>>> print(open('target_19.pdb').read())   # PDB, C-alpha atoms and all ligand atoms
ATOM      1  CA  MET A 194      74.305 110.065  68.506
ATOM      2  CA  GLU A 195      77.168 108.008  69.771
ATOM      3  CA  PRO A 196      77.605 104.612  68.201
ATOM      4  CA  MET A 197      76.675 101.773  70.514
ATOM      5  CA  GLY A 198      79.696  99.506  70.751
ATOM      6  CA  GLN A 199      79.591  95.973  72.014
ATOM      7  CA  SER A 200      79.973  97.260  75.546
ATOM      8  CA  GLU A 201      76.916  98.475  77.353
ATOM      9  CA  SER A 202      75.656 102.030  77.051
ATOM     10  CA  ARG A 203      76.856 104.791  79.339
ATOM     11  CA  GLU A 204      73.310 105.071  80.726
ATOM     12  CA  GLY A 205      73.373 101.366  81.532
ATOM     13  CA  GLU A 206      76.671 101.768  83.346
ATOM     14  CA  LEU A 207      75.557 104.808  85.304
ATOM     15  CA  ALA A 208      72.447 102.945  86.455
ATOM     16  CA  LYS A 209      74.744 100.433  88.168
ATOM     17  CA  LEU A 210      76.397 103.093  90.307
ATOM     18  CA  PRO A 211      75.281 103.394  93.920
ATOM     19  CA  PRO A 212      74.586 106.970  95.069
ATOM     20  CA  GLY A 213      77.639 109.233  95.258
ATOM     21  CA  GLN A 214      79.868 106.866  93.239
ATOM     22  CA  ARG A 215      81.672 107.589  89.967
ATOM     23  CA  LEU A 216      82.888 105.258  87.239
ATOM     24  CA  GLN A 217      86.476 104.119  87.310
ATOM     25  CA  ARG A 218      88.180 102.824  84.166
ATOM     26  CA  GLY A 219      91.046 100.485  84.876
ATOM     27  CA  TRP A 220      91.754  99.024  88.265
ATOM     28  CA  PRO A 221      93.470 101.164  90.899
ATOM     29  CA  VAL A 222      95.190  99.675  93.936
ATOM     30  CA  THR A 223      93.739 100.752  97.288
ATOM     31  CA  HIS A 224      94.782  99.473 100.685
ATOM     32  CA  TYR A 225      96.435 100.347 103.965
ATOM     33  CA  GLY A 226      99.999  99.204 104.605
ATOM     34  CA  PRO A 227     102.512  97.196 102.590
ATOM     35  CA  VAL A 228     101.819  94.378 100.109
ATOM     36  CA  PRO A 229     102.607  91.099 101.876
ATOM     37  CA  LYS A 230     104.999  88.608 100.345
ATOM     38  CA  PHE A 231     103.370  85.262  99.580
ATOM     39  CA  LYS A 232     105.169  82.350 101.233
ATOM     40  CA  PRO A 233     103.555  79.197  99.805
ATOM     41  CA  ASP A 234     104.925  76.778 102.404
ATOM     42  CA  ARG A 235     103.790  78.965 105.318
ATOM     43  CA  TRP A 236     100.438  79.969 103.868
ATOM     44  CA  GLU A 237      97.229  78.385 105.122
ATOM     45  CA  PHE A 238      93.563  79.288 105.003
ATOM     46  CA  ARG A 239      91.879  78.648 108.340
ATOM     47  CA  VAL A 240      88.277  78.522 109.459
ATOM     48  CA  PHE A 241      88.026  78.761 113.228
ATOM     49  CA  GLY A 242      85.900  80.093 116.061
ATOM     50  CA  ALA A 243      82.380  78.728 116.532
ATOM     51  CA  THR A 244      82.368  75.896 113.987
ATOM     52  CA  ALA A 245      79.526  73.357 114.153
ATOM     53  CA  ASP A 246      81.757  70.557 115.469
ATOM     54  CA  GLY A 247      84.160  72.790 117.397
ATOM     55  CA  ASP A 248      87.077  71.820 115.120
ATOM     56  CA  LYS A 249      89.158  74.155 112.986
ATOM     57  CA  ARG A 250      89.599  73.646 109.251
ATOM     58  CA  CYS A 251      92.849  74.371 107.557
ATOM     59  CA  TRP A 252      93.821  74.309 103.885
ATOM     60  CA  THR A 253      97.306  74.614 102.444
ATOM     61  CA  HIS A 254      97.645  76.664  99.283
ATOM     62  CA  GLU A 255      97.650  73.493  97.209
ATOM     63  CA  GLU A 256      94.510  72.228  98.936
ATOM     64  CA  PHE A 257      92.754  75.575  98.670
ATOM     65  CA  SER A 258      93.545  75.720  94.953
ATOM     66  CA  ALA A 259      91.777  72.368  94.531
ATOM     67  CA  LEU A 260      88.500  73.527  96.120
ATOM     68  CA  PRO A 261      85.457  73.957  93.832
ATOM     69  CA  TYR A 262      86.049  76.899  91.481
ATOM     70  CA  SER A 263      83.268  79.162  90.325
ATOM     71  CA  THR A 264      82.949  82.627  88.839
ATOM     72  CA  VAL A 265      80.783  85.635  89.444
ATOM     73  CA  VAL A 266      80.503  88.901  87.502
ATOM     74  CA  ALA A 267      80.207  91.797  89.905
ATOM     75  CA  ASP A 268      81.042  95.415  90.609
ATOM     76  CA  LEU A 269      83.454  96.820  93.194
ATOM     77  CA  HIS A 270      82.504  99.980  95.071
ATOM     78  CA  CYS A 271      85.194 101.790  97.047
ATOM     79  CA  VAL A 272      83.995 104.084  99.810
ATOM     80  CA  THR A 273      86.385 106.761  98.445
ATOM     81  CA  LYS A 274      83.739 106.975  95.677
ATOM     82  CA  PHE A 275      85.018 105.081  92.677
ATOM     83  CA  SER A 276      83.295 102.001  91.313
ATOM     84  CA  MET A 277      84.701  99.413  88.950
ATOM     85  CA  LEU A 278      82.027  97.571  86.986
ATOM     86  CA  ASP A 279      81.721  94.057  85.616
ATOM     87  CA  ALA A 280      84.783  92.288  86.934
ATOM     88  CA  GLU A 281      84.660  88.530  86.548
ATOM     89  CA  TRP A 282      85.886  87.064  89.816
ATOM     90  CA  GLY A 283      86.938  83.419  89.963
ATOM     91  CA  GLY A 284      87.592  81.448  93.118
ATOM     92  CA  VAL A 285      85.909  79.625  95.961
ATOM     93  CA  SER A 286      82.479  80.901  96.916
ATOM     94  CA  ALA A 287      81.817  81.811 100.528
ATOM     95  CA  LEU A 288      78.921  79.346 100.423
ATOM     96  CA  ALA A 289      81.341  76.560  99.473
ATOM     97  CA  ILE A 290      83.508  77.397 102.493
ATOM     98  CA  VAL A 291      80.433  77.413 104.753
ATOM     99  CA  GLU A 292      79.456  74.016 103.390
ATOM    100  CA  LEU A 293      82.939  72.570 103.952
ATOM    101  CA  ALA A 294      83.258  74.162 107.387
ATOM    102  CA  PRO A 295      79.763  74.673 108.790
ATOM    103  CA  PRO A 296      79.235  77.279 111.519
ATOM    104  CA  ALA A 297      77.534  76.476 114.818
ATOM    105  CA  PRO A 298      73.811  77.343 114.886
ATOM    106  CA  ASP A 299      74.369  80.423 117.061
ATOM    107  CA  VAL A 300      76.881  82.072 114.716
ATOM    108  CA  THR A 301      75.663  85.530 113.684
ATOM    109  CA  HIS A 302      78.790  87.190 112.242
ATOM    110  CA  VAL A 303      82.134  86.365 110.710
ATOM    111  CA  MET A 304      85.492  88.099 110.945
ATOM    112  CA  VAL A 305      87.549  87.678 107.805
ATOM    113  CA  TRP A 306      91.261  87.852 108.637
ATOM    114  CA  ALA A 307      94.059  88.861 106.307
ATOM    115  CA  GLU A 308      97.853  89.263 106.465
ATOM    116  CA  TYR A 309      99.218  91.747 109.029
ATOM    117  CA  GLY A 310      96.096  91.413 111.188
ATOM    118  CA  PHE A 311      93.804  93.256 108.780
ATOM    119  CA  SER A 312      90.227  92.190 109.365
ATOM    120  CA  SER A 313      86.662  92.914 108.388
ATOM    121  CA  ASN A 314      83.446  91.847 110.073
ATOM    122  CA  LEU A 315      80.321  90.761 108.217
ATOM    123  CA  ARG A 316      76.908  89.580 109.197
ATOM    124  CA  LEU A 317      76.604  85.862 108.441
ATOM    125  CA  THR A 318      73.688  86.740 106.136
ATOM    126  CA  ASP A 319      75.935  89.092 104.116
ATOM    127  CA  PHE A 320      78.706  86.498 104.011
ATOM    128  CA  MET A 321      76.355  83.700 102.917
ATOM    129  CA  THR A 322      75.212  85.306  99.671
ATOM    130  CA  GLU A 323      75.522  83.735  96.223
ATOM    131  CA  THR A 324      77.978  86.386  95.021
ATOM    132  CA  ALA A 325      80.394  86.481  97.973
ATOM    133  CA  MET A 326      83.609  84.871  96.816
ATOM    134  CA  PHE A 327      87.142  84.142  97.930
ATOM    135  CA  ALA A 328      88.603  85.226  94.634
ATOM    136  CA  THR A 329      91.867  83.888  93.289
ATOM    137  CA  HIS A 330      91.343  85.213  89.748
ATOM    138  CA  LYS A 331      89.987  88.277  87.983
ATOM    139  CA  ASP A 332      88.911  88.096  84.341
ATOM    140  CA  GLY A 333      90.563  84.696  84.047
ATOM    141  CA  GLU A 334      93.976  85.813  85.317
ATOM    142  CA  PRO A 335      95.432  85.035  88.738
ATOM    143  CA  LEU A 336      95.329  88.056  91.039
ATOM    144  CA  THR A 337      98.454  90.159  91.154
ATOM    145  CA  ALA A 338     100.228  90.661  94.483
ATOM    146  CA  GLU A 339      98.881  94.193  94.968
ATOM    147  CA  HIS A 340      95.300  93.080  94.265
ATOM    148  CA  GLY A 341      95.386  90.366  96.891
ATOM    149  CA  PHE A 342      97.196  87.274  95.599
ATOM    150  CA  PRO A 343      96.640  84.499  96.427
ATOM    151  CA  VAL A 344      93.112  85.077  97.827
ATOM    152  CA  ARG A 345      90.881  88.078  98.432
ATOM    153  CA  LEU A 346      87.269  88.266  99.472
ATOM    154  CA  VAL A 347      84.742  90.073  97.299
ATOM    155  CA  VAL A 348      81.302  90.877  98.677
ATOM    156  CA  PRO A 349      79.803  92.808  95.768
ATOM    157  CA  HIS A 350      76.741  94.147  97.578
ATOM    158  CA  LEU A 351      78.899  95.902 100.224
ATOM    159  CA  TYR A 352      81.656  98.538 100.012
ATOM    160  CA  ALA A 353      84.957  97.014  98.966
ATOM    161  CA  TRP A 354      86.725  97.411 102.322
ATOM    162  CA  LYS A 355      84.455  94.557 103.495
ATOM    163  CA  GLY A 356      86.540  92.340 101.200
ATOM    164  CA  PRO A 357      90.053  91.914 102.557
ATOM    165  CA  LYS A 358      92.894  91.209 100.170
ATOM    166  CA  TRP A 359      95.468  88.545 101.217
ATOM    167  CA  VAL A 360      92.870  86.603 103.217
ATOM    168  CA  ARG A 361      94.141  83.973 105.608
ATOM    169  CA  GLY A 362      91.076  82.926 107.503
ATOM    170  CA  VAL A 363      87.515  83.187 108.643
ATOM    171  CA  GLU A 364      86.424  83.351 112.278
ATOM    172  CA  TYR A 365      82.848  82.351 113.111
ATOM    173  CA  MET A 366      81.460  84.606 115.825
ATOM    174  CA  THR A 367      78.415  84.398 118.080
ATOM    175  CA  ALA A 368      78.410  88.178 118.588
ATOM    176  CA  ASP A 369      79.474  91.083 116.405
ATOM    177  CA  ARG A 370      82.901  92.708 116.703
ATOM    178  CA  ARG A 371      84.351  95.496 114.570
ATOM    179  CA  GLY A 372      87.102  94.845 112.056
ATOM    180  CA  PHE A 373      89.984  97.113 111.049
ATOM    181  CA  TRP A 374      88.148  99.878 109.162
ATOM    182  CA  GLU A 375      84.950  99.433 111.162
ATOM    183  CA  GLU A 376      86.940 100.389 114.277
ATOM    184  CA  ARG A 377      88.337 103.400 112.445
ATOM    185  CA  GLY A 378      85.228 105.312 111.544
ATOM    186  CA  TYR A 379      83.683 103.247 108.758
ATOM    187  CA  HIS A 380      80.173 101.892 108.870
ATOM    188  CA  ASN A 381      79.674  98.508 110.507
ATOM    189  CA  ILE A 382      77.477  97.210 107.677
ATOM    190  CA  GLY A 383      78.619  99.209 104.634
ATOM    191  CA  ASP A 384      75.742  98.949 102.150
ATOM    192  CA  PRO A 385      76.681 101.258  99.229
ATOM    193  CA  TRP A 386      73.062 101.521  98.028
ATOM    194  CA  ALA A 387      72.136 103.011 101.413
ATOM    195  CA  GLU A 388      75.400 105.034 101.417
ATOM    196  CA  GLN A 389      76.444 103.519 104.724
ATOM    197  CA  ARG A 390      79.927 105.010 104.611
ATOM    198  CA  TYR A 391      80.772 106.159 108.149
ATOM    199  CA  SER A 392      80.099 104.852 111.635
ATOM    200  CA  TYR A 393      78.417 108.129 112.679
ATOM    201  CA  GLN A 394      75.606 107.185 110.274
ATOM    202  CA  GLU A 395      74.884 103.950 112.135
ATOM    203  CA  GLU A 396      71.421 103.396 113.547
ATOM    204  CA  PRO A 397      70.934 101.525 116.811
ATOM    205  CA  GLY A 398      71.413  97.831 116.049
ATOM    206  CA  ASP A 399      73.731  98.391 113.076
ATOM    207  CA  GLY A 400      76.812  97.586 115.107
ATOM    208  CA  PRO A 401      78.481  97.128 118.510
ATOM    209  CA  GLU A 402      78.992 100.214 120.702
ATOM    210  CA  LEU A 403      81.946 102.323 119.625
TER     211      LEU A 403
HETATM  212  N1  LIG A 501      94.153  93.521 103.460
HETATM  213  C1  LIG A 501      93.484  94.602 103.005
HETATM  214  N2  LIG A 501      92.462  94.404 102.151
HETATM  215  C2  LIG A 501      91.768  95.460 101.661
HETATM  216  C3  LIG A 501      92.077  96.781 102.065
HETATM  217  C4  LIG A 501      93.145  96.967 102.982
HETATM  218  O1  LIG A 501      93.477  98.090 103.419
HETATM  219  N3  LIG A 501      93.831  95.844 103.426
HETATM  220  N4  LIG A 501      91.377  97.840 101.543
HETATM  221  C5  LIG A 501      90.060  97.553 100.952
HETATM  222  C6  LIG A 501      89.570  98.651 100.134
HETATM  223  S1  LIG A 501      89.176 100.078 100.946
HETATM  224  C7  LIG A 501      89.329  98.521  98.790
HETATM  225  S2  LIG A 501      88.602  99.747  97.891
HETATM  226  C8  LIG A 501      89.743  97.302  98.052
HETATM  227  C9  LIG A 501      90.580  97.692  96.866
HETATM  228  O2  LIG A 501      90.957  96.584  96.116
HETATM  229  P1  LIG A 501      91.947  96.799  94.904
HETATM  230  O3  LIG A 501      93.203  97.434  95.441
HETATM  231  O4  LIG A 501      92.189  95.441  94.350
HETATM  232  O5  LIG A 501      91.255  97.700  93.937
HETATM  233  O6  LIG A 501      90.493  96.420  98.867
HETATM  234  C10 LIG A 501      89.990  96.259 100.171
HETATM  235  N5  LIG A 501      90.756  95.215 100.807
HETATM  236 MO    MO A 502      88.070 101.306  99.477
END
>>> encode(input="target_19.pdb", output="C-alpha cells", more="lines below")
Ligand SMILES: Nc1nc2c(c(=O)[nH]1)N[C@H]1C(S)=C(S)[C@@H](COP(=O)(O)O)O[C@H]1N2
Ligand SMILES: [Mo]
Amino acid sequence: MEPMGQSESREGELAKLPPGQRLQRGWPVTHYGPVPKFKPDRWEFRVFGATADGDKRCWTHEEFSALPYSTVVADLHCVTKFSMLDAEWGGVSALAIVELAPPAPDVTHVMVWAEYGFSSNLRLTDFMTETAMFATHKDGEPLTAEHGFPVRLVVPHLYAWKGPKWVRGVEYMTADRRGFWEERGYHNIGDPWAEQRYSYQEEPGDGPEL
C-alpha cells in the first residue's frame, strides 16, 4: 500500500481526467508563435461588438488590475492530451466583465482576441460560466510572460486552446465565427468530456460551415 500523502490519491486524480488525457506534472508552455512583449502604456483590454448600449469599453492595465479579483481552482486540458490538475487561477471572472460591459440581447457568441491576432470563439453560454476567468495569477503568483502575462482566459470545462493567453479583448457577436484554431481543424466547441478535438467530429449545428 502506498502511503496517502496530503495530496489526493492517484485514483482521485485519474477520475478528473477527461477521456484520452494523461496527467502532467509541472506546467509546460504550449502556444503558436512568439511570446509578445508587454507594453504597459500601450496595453488595453477592450470589449466591443454588439454591446447592450452600442458603446465599447476599454480598460488600461492599471484599471483592469483594479477590477474585482476572484479565484477559481480548476484543471487545464490540452488537446495534445496532457492535463494539469488543480491550478488556482486568480483574476477577473468572465461574469464580472459581462456585468461591467453587458452584451446586447441577441448576442450568441464571443470572440476572445489576443496579441498577434490570435482568437478563439465561444458560445456565450460557455463564456458566462462561474469558472471562466480572465486570469492574471496562478497559485497566487502573477503569470509569467510565456503563460500569458498580463491576462489569459481560462475556461476549465473546454480544451485549453479556448483560453487565449495575452488577451486584449472580447468581441460580442450575434452569429458564430471560427477563431484561430477552430479555423485550422479544431472543434468549434471543444468539450474535453465529449472528446470534441477536431472539426471533422462536428455534428450539424456545432459550428459555422467550414
Ligand atoms: N495566444 C495564444 N493563447 C493560447 C494558445 C496559443 O497558441 N496562442 N494556445 C492554447 C493552448 S493549445 C494551450 S494548451 C494553452 C497552454 O497554456 P500554457 O502554455 O500556459 O500551458 O494555451 C492556449 N492559449
Ligand atoms: Mo493545447
>>> atom_distance(input="target_19.pdb", atom1="atom CA of A:His380", atom2="atom CA of A:Ser313")
11.1 Å
>>> residues_around(input="target_19.pdb", residues="A:Gly362", least_positions_apart="4", cutoff="7 Å", atoms="only C-alpha atoms", output="PyMOL selection string")
chain A and resi 238-240+305-307
>>> resolve_selection(input="target_19.pdb", expression="the PyMOL selection byres (((chain A and resi 263-274) around 7) and not hetatm)", output="CSV table (one decimal) with C-alpha atoms, keeping the file's coordinate frame")
chain,number,residue,atom,x,y,z
A,213,GLY,CA,77.6,109.2,95.3
A,214,GLN,CA,79.9,106.9,93.2
A,215,ARG,CA,81.7,107.6,90.0
A,261,PRO,CA,85.5,74.0,93.8
A,262,TYR,CA,86.0,76.9,91.5
A,275,PHE,CA,85.0,105.1,92.7
A,276,SER,CA,83.3,102.0,91.3
A,277,MET,CA,84.7,99.4,89.0
A,278,LEU,CA,82.0,97.6,87.0
A,279,ASP,CA,81.7,94.1,85.6
A,280,ALA,CA,84.8,92.3,86.9
A,281,GLU,CA,84.7,88.5,86.5
A,282,TRP,CA,85.9,87.1,89.8
A,283,GLY,CA,86.9,83.4,90.0
A,284,GLY,CA,87.6,81.4,93.1
A,285,VAL,CA,85.9,79.6,96.0
A,286,SER,CA,82.5,80.9,96.9
A,324,THR,CA,78.0,86.4,95.0
A,349,PRO,CA,79.8,92.8,95.8
A,352,TYR,CA,81.7,98.5,100.0
A,353,ALA,CA,85.0,97.0,99.0
A,390,ARG,CA,79.9,105.0,104.6
>>> resolve_selection(input="target_19.pdb", expression="the PyMOL selection byres (((chain A and resi 326) around 6) and not hetatm)", output="list of chain:residue names")
A:Val285, A:Ser286, A:Ala287, A:Ala325, A:Phe327, A:Ala328, A:Leu346, A:Val347
>>> resolve_selection(input="target_19.pdb", expression="the PyMOL selection byres (((not hetatm)) within 7 of (chain A and resi 501))", output="mmCIF file with C-alpha atoms, in the coordinates of the input")
data_model
loop_
_atom_site.group_PDB
_atom_site.id
_atom_site.type_symbol
_atom_site.label_atom_id
_atom_site.label_comp_id
_atom_site.auth_asym_id
_atom_site.auth_seq_id
_atom_site.Cartn_x
_atom_site.Cartn_y
_atom_site.Cartn_z
ATOM 1 C CA TRP A 220 91.754 99.024 88.265
ATOM 2 C CA PRO A 221 93.470 101.164 90.899
ATOM 3 C CA VAL A 222 95.190 99.675 93.936
ATOM 4 C CA THR A 223 93.739 100.752 97.288
ATOM 5 C CA HIS A 224 94.782 99.473 100.685
ATOM 6 C CA TYR A 225 96.435 100.347 103.965
ATOM 7 C CA GLY A 226 99.999 99.204 104.605
ATOM 8 C CA HIS A 270 82.504 99.980 95.071
ATOM 9 C CA CYS A 271 85.194 101.790 97.047
ATOM 10 C CA VAL A 272 83.995 104.084 99.810
ATOM 11 C CA ALA A 307 94.059 88.861 106.307
ATOM 12 C CA GLU A 308 97.853 89.263 106.465
ATOM 13 C CA PHE A 311 93.804 93.256 108.780
ATOM 14 C CA GLU A 339 98.881 94.193 94.968
ATOM 15 C CA HIS A 340 95.300 93.080 94.265
ATOM 16 C CA GLY A 341 95.386 90.366 96.891
ATOM 17 C CA ALA A 353 84.957 97.014 98.966
ATOM 18 C CA TRP A 354 86.725 97.411 102.322
ATOM 19 C CA LYS A 355 84.455 94.557 103.495
ATOM 20 C CA GLY A 356 86.540 92.340 101.200
ATOM 21 C CA PRO A 357 90.053 91.914 102.557
ATOM 22 C CA LYS A 358 92.894 91.209 100.170
ATOM 23 C CA TRP A 359 95.468 88.545 101.217
#
>>> closest_residue(input="target_19.pdb", among="A:Trp386, A:Tyr309, A:Trp236, A:Phe231", to="A:Phe373", atoms="all atoms listed in the file")
A:Tyr309
>>> closest_atom_pairs(input="target_19.pdb", of="stretch 240-334 of chain A", to="stretch 363-372 of chain A", cutoff="7 Å", atoms="all atoms listed in the file", output="tab-separated table")
residue	atom	partner	partner_atom	distance
A:Val240	CA	A:Val363	CA	4.8
A:Phe241	CA	A:Glu364	CA	5.0
A:Gly242	CA	A:Tyr365	CA	4.8
A:Ala243	CA	A:Tyr365	CA	5.0
A:Thr244	CA	A:Tyr365	CA	6.5
A:Pro296	CA	A:Tyr365	CA	6.4
A:Asp299	CA	A:Thr367	CA	5.8
A:Val300	CA	A:Thr367	CA	4.4
A:Thr301	CA	A:Thr367	CA	5.3
A:His302	CA	A:Met366	CA	5.2
A:Val303	CA	A:Tyr365	CA	4.7
A:Met304	CA	A:Glu364	CA	5.0
A:Val305	CA	A:Val363	CA	4.6
A:Trp306	CA	A:Val363	CA	6.0
A:Ser312	CA	A:Gly372	CA	4.9
A:Ser313	CA	A:Gly372	CA	4.2
A:Asn314	CA	A:Gly372	CA	5.1
>>> atom_distance(input="target_19.pdb", atom1="atom CA of A:Arg361", atom2="atom CA of A:Lys249")
13.3 Å
>>> atom_distance(input="target_19.pdb", atom1="atom CA of A:Pro298", atom2="atom CA of A:Asp248")
14.4 Å
>>> closest_residue(input="target_19.pdb", among="A:Leu210, A:Val291, A:Val228, A:Leu336", to="A:Ala387", atoms="only C-alpha atoms")
A:Leu210
>>> residues_near_point(input="target_19.pdb", point="(74.8, 103.1, 108.8)", cutoff="9 Å", atoms="only C-alpha atoms", output="PyMOL selection string")
chain A and resi 379-384+387-396+399-400
>>> closest_residue(input="target_19.pdb", among="A:Pro233, A:Ala294, A:His254, A:Leu351", to="ligand MO 502 (chain A)", atoms="all atoms listed in the file")
A:Leu351
>>> closest_residue(input="target_19.pdb", among="A:Met321, A:Leu403, A:Val360, A:Leu260", to="A:Gly378", atoms="all atoms listed in the file")
A:Leu403
